[in-house]
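So this one's model01.csv, CSV, C-alpha atoms:
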```csv
chain,number,residue,atom,x,y,z
A,56,MET,CA,164.3,91.5,101.8
A,57,GLY,CA,160.5,91.6,101.8
A,58,ASN,CA,158.5,91.3,98.6
A,59,SER,CA,156.4,94.4,98.2
A,60,ARG,CA,154.6,92.8,95.3
A,61,LEU,CA,152.7,90.4,97.6
A,62,THR,CA,149.0,90.8,97.4
A,63,VAL,CA,146.5,91.1,100.2
A,64,ARG,CA,145.3,87.6,99.4
A,65,GLU,CA,148.8,86.2,99.8
A,66,ILE,CA,149.3,87.9,103.1
A,67,ALA,CA,145.9,86.5,104.2
A,68,ARG,CA,147.0,83.0,103.2
A,69,LEU,CA,150.4,83.3,105.0
A,70,ALA,CA,148.7,84.6,108.2
A,71,GLY,CA,145.9,82.1,108.1
A,72,VAL,CA,143.2,84.8,108.2
A,73,SER,CA,140.7,86.2,105.8
A,74,VAL,CA,141.3,89.0,103.2
A,75,ALA,CA,138.9,91.2,105.2
A,76,THR,CA,140.9,90.8,108.3
A,77,VAL,CA,144.1,91.8,106.5
A,78,SER,CA,142.3,94.8,105.1
A,79,ARG,CA,141.0,95.8,108.6
A,80,VAL,CA,144.5,95.6,110.2
A,81,SER,CA,146.3,97.4,107.4
A,82,ASN,CA,143.6,100.2,107.3
A,83,GLY,CA,143.3,100.4,111.1
A,84,THR,CA,139.5,99.9,110.9
A,85,GLY,CA,137.1,97.4,112.4
A,86,GLN,CA,137.3,94.9,115.2
A,87,VAL,CA,140.1,92.4,115.0
A,88,SER,CA,141.3,90.0,117.8
A,89,GLU,CA,144.8,90.6,119.2
A,90,GLU,CA,145.9,87.2,118.1
A,91,MET,CA,144.8,87.8,114.5
A,92,ARG,CA,146.3,91.3,114.5
A,93,ARG,CA,149.6,89.8,115.6
A,94,ARG,CA,149.6,87.2,112.9
A,95,VAL,CA,148.8,89.7,110.2
A,96,LEU,CA,151.4,92.2,111.4
A,97,GLU,CA,154.1,89.5,111.6
A,98,ALA,CA,153.3,88.4,108.0
A,99,ILE,CA,153.3,92.0,106.8
A,100,GLU,CA,156.7,92.7,108.5
A,101,LYS,CA,158.3,89.5,107.3
A,102,HIS,CA,157.1,89.7,103.7
A,103,GLY,CA,157.0,93.5,103.2
A,104,TYR,CA,153.4,93.9,102.1
A,105,ARG,CA,152.4,97.4,101.3
A,106,PRO,CA,148.7,98.2,100.9
A,107,ASP,CA,147.8,99.4,97.4
A,108,HIS,CA,145.9,102.7,98.0
A,109,LEU,CA,144.9,103.0,94.4
A,110,GLY,CA,143.6,99.4,94.4
A,111,ARG,CA,141.6,100.0,97.5
A,112,ALA,CA,140.2,103.2,96.0
A,113,LEU,CA,139.1,101.4,92.9
A,114,ALA,CA,137.6,98.5,94.9
A,115,ALA,CA,135.6,101.1,96.7
A,116,GLY,CA,134.4,102.7,93.5
A,117,ARG,CA,136.7,105.7,94.0
A,118,HIS,CA,139.5,107.4,92.0
A,119,GLY,CA,141.9,108.4,94.8
A,120,ALA,CA,142.0,111.9,93.5
A,121,LEU,CA,140.5,115.4,94.1
A,122,GLY,CA,140.1,118.1,91.6
A,123,LEU,CA,141.0,121.8,91.9
A,124,VAL,CA,139.6,124.3,89.4
A,125,PHE,CA,141.3,127.7,88.9
A,126,PRO,CA,140.8,130.5,86.3
A,127,GLY,CA,144.6,130.6,86.0
A,128,LEU,CA,147.8,129.9,87.9
A,129,SER,CA,149.7,133.2,87.9
A,130,GLY,CA,150.7,134.8,91.2
A,131,PRO,CA,151.3,133.9,94.8
A,132,TYR,CA,147.6,133.6,95.7
A,133,PHE,CA,147.1,130.4,93.6
A,134,THR,CA,150.3,129.0,94.8
A,135,GLU,CA,149.1,129.3,98.4
A,136,LEU,CA,145.8,127.7,97.5
A,137,ILE,CA,147.4,124.7,96.0
A,138,GLN,CA,149.7,124.2,99.0
A,139,GLY,CA,146.7,124.5,101.4
A,140,PHE,CA,144.7,122.0,99.4
A,141,GLU,CA,147.5,119.5,99.1
A,142,SER,CA,148.2,119.8,102.9
A,143,GLU,CA,144.9,117.9,103.4
A,144,ALA,CA,144.7,115.8,100.3
A,145,VAL,CA,148.2,114.3,100.3
A,146,PRO,CA,148.1,112.9,103.9
A,147,SER,CA,144.7,111.3,102.9
A,148,ARG,CA,146.5,109.7,100.0
A,149,ALA,CA,144.5,111.6,97.4
A,150,SER,CA,146.3,113.0,94.4
A,151,VAL,CA,145.4,116.5,93.2
A,152,HIS,CA,144.3,117.2,89.6
A,153,ILE,CA,144.4,120.9,88.6
A,154,LEU,CA,142.4,122.4,85.8
A,155,CYS,CA,142.8,126.0,84.6
A,156,THR,CA,139.9,127.4,82.7
A,157,HIS,CA,141.5,130.7,81.5
A,158,LEU,CA,140.8,131.3,77.8
A,159,ARG,CA,138.9,128.0,77.5
A,160,SER,CA,135.6,128.3,75.6
A,161,ASP,CA,134.5,125.0,77.0
A,162,SER,CA,135.3,125.5,80.7
A,163,ASP,CA,132.0,124.1,82.0
A,164,GLN,CA,132.3,120.9,79.9
A,165,GLN,CA,136.0,120.4,80.9
A,166,VAL,CA,135.1,120.7,84.6
A,167,LEU,CA,132.2,118.3,84.2
A,168,GLU,CA,134.5,115.8,82.5
A,169,MET,CA,137.0,116.2,85.4
A,170,GLY,CA,134.2,115.2,87.8
A,171,ARG,CA,134.2,111.8,86.2
A,172,ARG,CA,137.8,111.2,87.1
A,173,VAL,CA,138.0,112.5,90.7
A,174,ASP,CA,136.1,111.9,94.0
A,175,GLY,CA,135.4,115.6,94.6
A,176,VAL,CA,136.1,119.0,93.2
A,177,ALA,CA,137.0,122.5,94.7
A,178,VAL,CA,136.1,125.3,92.3
A,179,ILE,CA,137.3,128.9,92.7
A,180,GLY,CA,134.3,131.2,92.8
A,181,GLY,CA,133.2,132.7,89.4
A,182,THR,CA,135.3,130.2,87.4
A,183,ILE,CA,132.4,128.2,85.9
A,184,SER,CA,128.6,128.8,85.6
A,185,GLU,CA,126.2,128.1,88.4
A,186,LEU,CA,124.4,125.6,86.2
A,187,ALA,CA,127.7,123.6,85.7
A,188,LEU,CA,128.3,123.7,89.5
A,189,LEU,CA,124.9,122.3,90.2
A,190,ARG,CA,125.3,119.6,87.6
A,191,LEU,CA,128.8,118.7,88.9
A,192,ALA,CA,127.4,118.5,92.5
A,193,GLU,CA,125.0,115.8,91.3
A,194,THR,CA,127.9,113.5,90.6
A,195,VAL,CA,130.6,114.3,93.2
A,196,PRO,CA,131.1,116.5,96.3
A,197,VAL,CA,131.8,120.1,95.3
A,198,VAL,CA,133.0,123.1,97.4
A,199,VAL,CA,133.3,126.6,96.1
A,200,VAL,CA,136.4,128.5,97.3
A,201,ALA,CA,136.4,132.3,97.5
A,202,GLY,CA,132.8,132.7,96.6
A,203,THR,CA,129.4,131.3,97.4
A,204,GLY,CA,127.8,128.2,95.9
A,205,PRO,CA,124.4,128.0,94.3
A,206,GLY,CA,121.7,126.0,96.1
A,207,VAL,CA,123.1,123.6,98.7
A,208,VAL,CA,126.7,123.6,97.3
A,209,PRO,CA,128.9,124.5,100.3
A,210,SER,CA,131.5,127.2,100.1
A,211,VAL,CA,134.6,128.5,102.0
A,212,ARG,CA,135.5,132.2,101.8
A,213,ALA,CA,137.2,135.0,103.6
A,214,ASP,CA,135.5,137.9,105.4
A,215,ASN,CA,135.8,140.3,102.6
A,216,ALA,CA,133.2,142.8,103.7
A,217,GLY,CA,134.3,143.3,107.3
A,218,SER,CA,137.9,143.8,106.5
A,219,MET,CA,137.5,146.0,103.4
A,220,SER,CA,135.0,148.1,105.4
A,221,ALA,CA,137.5,148.6,108.2
A,222,LEU,CA,140.3,149.4,105.8
A,223,THR,CA,138.2,152.0,103.9
A,224,ARG,CA,137.0,153.6,107.0
A,225,HIS,CA,140.6,153.8,108.3
A,226,LEU,CA,141.6,155.8,105.2
A,227,LEU,CA,138.5,158.0,105.3
A,228,VAL,CA,138.3,158.7,109.0
A,229,ASP,CA,141.8,158.2,110.5
A,230,HIS,CA,143.7,159.7,107.5
A,231,GLU,CA,140.9,162.0,106.4
A,232,LEU,CA,141.2,161.0,102.7
A,233,THR,CA,138.0,161.8,100.8
A,234,ASP,CA,139.1,161.0,97.3
A,235,LEU,CA,139.7,157.3,97.2
A,236,VAL,CA,139.5,155.1,94.1
A,237,PHE,CA,139.0,151.3,93.9
A,238,VAL,CA,141.1,149.3,91.5
A,239,GLY,CA,139.8,145.8,90.5
A,240,ASN,CA,137.0,144.3,88.5
A,241,PRO,CA,133.9,143.3,90.6
A,242,GLU,CA,132.5,141.5,87.6
A,243,GLY,CA,135.4,139.1,87.4
A,244,SER,CA,135.4,137.7,91.0
A,245,PRO,CA,132.9,137.2,93.8
A,246,ASP,CA,135.7,138.2,96.3
A,247,VAL,CA,136.3,141.5,94.4
A,248,SER,CA,132.6,142.2,94.2
A,249,GLU,CA,132.2,141.9,98.0
A,250,ARG,CA,135.2,144.2,98.5
A,251,TRP,CA,133.8,146.8,96.1
A,252,VAL,CA,130.4,146.7,97.8
A,253,ALA,CA,132.0,147.1,101.3
A,254,PHE,CA,134.2,149.9,99.9
A,255,LEU,CA,131.0,151.8,98.9
A,256,ALA,CA,129.2,151.1,102.1
A,257,ALA,CA,132.1,152.4,104.2
A,258,HIS,CA,131.9,155.7,102.2
A,259,ARG,CA,128.2,156.0,102.9
A,260,SER,CA,128.7,155.2,106.6
A,261,ALA,CA,131.4,157.9,106.8
A,262,GLY,CA,129.2,160.5,105.0
A,263,VAL,CA,131.6,160.6,102.0
A,264,THR,CA,130.5,160.4,98.4
A,265,PRO,CA,132.1,157.3,96.8
A,266,PRO,CA,133.4,157.1,93.3
A,267,ALA,CA,130.9,156.2,90.7
A,268,ALA,CA,132.7,153.1,89.4
A,269,PRO,CA,135.9,151.1,90.0
A,270,ILE,CA,138.9,151.1,87.8
A,271,ALA,CA,138.2,147.7,86.3
A,272,VAL,CA,141.4,145.7,85.7
A,273,SER,CA,142.6,142.1,86.1
A,274,MET,CA,144.3,140.9,89.2
A,275,GLN,CA,147.9,140.9,88.1
A,276,GLN,CA,150.8,143.3,88.9
A,277,ALA,CA,151.1,144.4,85.2
A,278,ASP,CA,147.5,145.6,85.4
A,279,GLY,CA,148.3,147.7,88.4
A,280,VAL,CA,151.1,149.4,86.5
A,281,LEU,CA,148.6,150.2,83.8
A,282,ALA,CA,146.1,151.5,86.3
A,283,ALA,CA,148.8,153.8,87.8
A,284,GLU,CA,149.4,155.3,84.3
A,285,GLN,CA,145.7,156.1,84.1
A,286,LEU,CA,145.3,157.4,87.7
A,287,LEU,CA,148.5,159.3,88.4
A,288,ARG,CA,149.5,161.0,85.1
A,289,ASP,CA,147.4,164.1,85.8
A,290,HIS,CA,148.5,165.9,89.0
A,291,ASP,CA,145.2,167.8,89.4
A,292,ALA,CA,143.1,164.7,89.1
A,293,ARG,CA,145.3,162.4,91.1
A,294,PRO,CA,143.4,160.6,93.9
A,295,GLY,CA,144.6,160.8,97.5
A,296,GLY,CA,144.4,157.0,97.9
A,297,VAL,CA,144.2,153.9,95.7
A,298,VAL,CA,142.4,150.9,97.3
A,299,CYS,CA,143.4,147.8,95.3
A,300,ALA,CA,141.4,144.5,95.1
A,301,ASN,CA,144.6,142.5,95.8
A,302,ASP,CA,148.3,142.9,96.6
A,303,GLU,CA,149.4,142.2,93.1
A,304,ILE,CA,147.5,145.2,91.7
A,305,ALA,CA,148.7,147.3,94.6
A,306,LEU,CA,152.3,146.4,93.9
A,307,GLY,CA,151.8,147.3,90.3
A,308,VAL,CA,150.3,150.7,91.3
A,309,LEU,CA,153.2,151.2,93.7
A,310,VAL,CA,155.8,150.5,90.9
A,311,GLY,CA,153.9,153.0,88.7
A,312,ALA,CA,153.8,155.6,91.3
A,313,LEU,CA,157.4,155.4,92.3
A,314,GLY,CA,158.4,155.3,88.6
A,315,ARG,CA,156.6,158.7,88.2
A,316,GLY,CA,158.6,160.1,91.0
A,317,LEU,CA,155.7,160.2,93.5
A,318,ARG,CA,156.2,159.6,97.2
A,319,VAL,CA,154.1,157.0,98.9
A,320,PRO,CA,152.2,157.7,101.1
A,321,GLN,CA,153.0,161.5,101.1
A,322,ASP,CA,151.7,162.0,97.5
A,323,VAL,CA,149.3,159.0,97.2
A,324,VAL,CA,148.3,156.3,99.6
A,325,ILE,CA,148.2,152.7,98.2
A,326,THR,CA,146.6,149.6,99.9
A,327,GLY,CA,146.2,146.0,98.9
A,328,PHE,CA,144.4,142.8,100.0
A,329,ASP,CA,145.8,139.3,100.8
A,330,ASP,CA,149.0,140.1,102.6
A,331,ALA,CA,151.2,138.2,100.2
A,332,PRO,CA,154.8,137.7,101.6
A,333,VAL,CA,156.2,140.5,99.3
A,334,ALA,CA,153.8,143.0,100.8
A,335,ALA,CA,156.0,143.3,103.9
A,336,LEU,CA,159.2,143.5,101.9
A,337,VAL,CA,158.6,146.4,99.5
A,338,ASN,CA,159.5,150.0,100.5
A,339,PRO,CA,157.2,151.4,101.7
A,340,ALA,CA,155.7,148.2,103.2
A,341,LEU,CA,152.1,147.7,102.0
A,342,THR,CA,149.0,148.3,104.1
A,343,THR,CA,146.7,145.4,103.3
A,344,VAL,CA,144.3,142.8,104.6
A,345,ARG,CA,145.6,139.4,105.7
A,346,GLN,CA,143.4,136.6,104.6
A,347,PRO,CA,144.1,132.9,105.4
A,348,VAL,CA,144.6,131.7,101.8
A,349,ARG,CA,146.1,128.3,102.6
A,350,GLU,CA,143.4,127.6,105.2
A,351,LEU,CA,140.6,128.4,102.7
A,352,ALA,CA,141.8,125.6,100.4
A,353,ALA,CA,142.6,123.3,103.3
A,354,GLU,CA,139.1,123.7,104.7
A,355,ALA,CA,137.7,123.0,101.2
A,356,ALA,CA,139.7,119.8,101.0
A,357,ARG,CA,138.5,118.7,104.4
A,358,LEU,CA,134.9,119.3,103.5
A,359,ILE,CA,135.3,117.2,100.3
A,360,LEU,CA,137.1,114.4,102.0
A,361,THR,CA,134.4,114.2,104.7
A,362,ALA,CA,131.7,114.1,102.1
A,363,VAL,CA,133.6,111.3,100.2
A,364,ASP,CA,134.1,109.2,103.3
A,365,ASP,CA,130.7,109.8,104.8
A,366,PRO,CA,128.0,111.3,102.5
A,367,GLU,CA,125.7,111.5,105.5
A,368,ARG,CA,128.0,114.2,106.9
A,369,ALA,CA,128.3,116.2,103.7
A,370,ALA,CA,128.3,119.9,104.4
A,371,SER,CA,125.8,122.3,102.9
A,372,ARG,CA,127.0,125.4,104.6
A,373,ASP,CA,129.0,128.6,104.0
A,374,VAL,CA,132.2,128.8,106.0
A,375,VAL,CA,133.6,132.3,106.5
A,376,LEU,CA,137.1,132.6,107.7
A,377,PRO,CA,138.3,135.7,109.6
A,378,THR,CA,140.7,138.3,108.1
A,379,GLU,CA,142.9,140.9,109.7
A,380,LEU,CA,143.7,144.5,108.8
A,381,VAL,CA,147.5,145.0,108.6
A,382,LEU,CA,148.6,148.7,108.8
A,383,ARG,CA,152.0,149.6,107.3
A,384,ARG,CA,153.7,152.6,105.9
A,385,SER,CA,152.0,152.7,102.5
A,386,CYS,CA,148.9,154.3,104.0
A,387,GLY,CA,150.9,156.7,106.3
A,388,CYS,CA,150.8,154.6,109.5
A,389,PRO,CA,154.0,154.3,111.5
A,390,ALA,CA,156.1,151.2,110.8
A,391,ASN,CA,154.9,148.3,112.9
A,392,PRO,CA,157.5,145.5,113.4
A,393,ALA,CA,154.7,143.1,114.4
A,394,ALA,CA,153.1,143.6,110.9
A,395,GLY,CA,156.4,143.1,109.1
A,396,GLY,CA,158.1,145.4,106.7
A,397,PHE,CA,160.1,148.6,107.2
A,398,GLY,CA,159.4,152.3,107.0
A,399,SER,CA,160.0,154.7,104.1
```

Please go through the file and, once you have read it, give me the structure as structure tokens.
Amino acid sequence: MGNSRLTVREIARLAGVSVATVSRVSNGTGQVSEEMRRRVLEAIEKHGYRPDHLGRALAAGRHGALGLVFPGLSGPYFTELIQGFESEAVPSRASVHILCTHLRSDSDQQVLEMGRRVDGVAVIGGTISELALLRLAETVPVVVVAGTGPGVVPSVRADNAGSMSALTRHLLVDHELTDLVFVGNPEGSPDVSERWVAFLAAHRSAGVTPPAAPIAVSMQQADGVLAAEQLLRDHDARPGGVVCANDEIALGVLVGALGRGLRVPQDVVITGFDDAPVAALVNPALTTVRQPVRELAAEAARLILTAVDDPERAASRDVVLPTELVLRRSCGCPANPAAGGFGS
């Protein structure tokens, strides 16, 4: 049985080559003659040498880790982001450190301290101050996810404006609803802010007066239930449609509406944003916007890894990924098997 504890120096001695040659062969980099490559590979196979990734990282002045900063971890959205980020980080042999800033009074400082322990950081938009982002970017590569970065800090986000505009216009024009409300807090998220602005612009484009203000709630299902209590308790003031900033809010509103004996979409239309897996499974299935959540995080990880490996190629751009309007029964459209879900 080979000895996995052998060091690169011992393998170099056994193969009769330099340490640098062993490193080039094991990493697959640089020019090495076929004879030297054969000797190194034979020694590695015979003695079971395994390159120490952490040791190489430290030797290169790196940590072998990337940071991911969230406001919190509840809900399917953040699960998808983590999986997308890890899909790029793990094959590159980088561990992922996660920091949640929710209820922390020292969020900026905590993220800056994380920057000393990792090789790069992805930060969800609106999680820390712009000043902290700029300070962090002075020490490690930084990418903003679901938002825009200050200065030259690159970002990766979904096309919120185009898809929310299309969804709102669909409700106003195709379904002739003129009394829509928007549920979500534009102050709490760059994504929600973009969706609210697009919601307003679609009203103006259709010649319909928009609501004066959104129903400002957090992004969780329980907040949607509370919003439903506020919006649906008065029959005469009940809106024709509720446009929610994400699917979790929409599912909460749906629970609240059905709990009050209302029919969806006959009595009230409800739409979401994200196309979480459960959106196609509820009854009625949820009209929403599909955004590539995993790809957002995967692209952020790729940008960071590129900057770590080759600072000359570091990105300073805003990547916008496409979204897709998904029409289902909750807005009154016929059930579409291609969109998933079932009719009511």

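Candidate residues A:Ala356, A:Leu313, A:Val208, A:Met219 were compared for distance to Ser142 (chain A), and the nearest is A:Ala356, using only C-alpha atoms.
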
Worksheet item: Within 12 Å of region 229-233 of chain A, counting all atoms listed in the file, which residues qualify if same-chain residues fewer than 6 places away don't, as a list in words?
Response: Ala221, Leu222, Thr223, Ala257, His258, Arg259, Ala261, Gly262, Val263, Thr264, Pro265, Pro266, Pro294, Gly295, Gly296, Val297, Val298, Pro320, Gln321, Asp322, Val323, Val324, Ile325, Leu382, Ser385, Cys386, Gly387 and Cys388 of chain A

Worksheet item: Which is closest to Ala67 (chain A) among A:Ser88, A:Glu367, A:Ile99, A:Ser184, if we use all atoms listed in the file?
Response: A:Ile99

Fill in: Spatial neighbours of region 246-250 of chain A, max dist 10 Å, all atoms listed in the file, sep filter under 5 positions, as a PyMOL selection string
chain A and resi 180-181+200-203+212-220+223+237-241+255-256+274+298-301+328

Worksheet, complete the sentence: Counting only C-alpha atoms, closest pick from A:Thr62, A:Thr342, A:Thr361, A:Thr378 relative to Leu226 (chain A) is A:Thr342
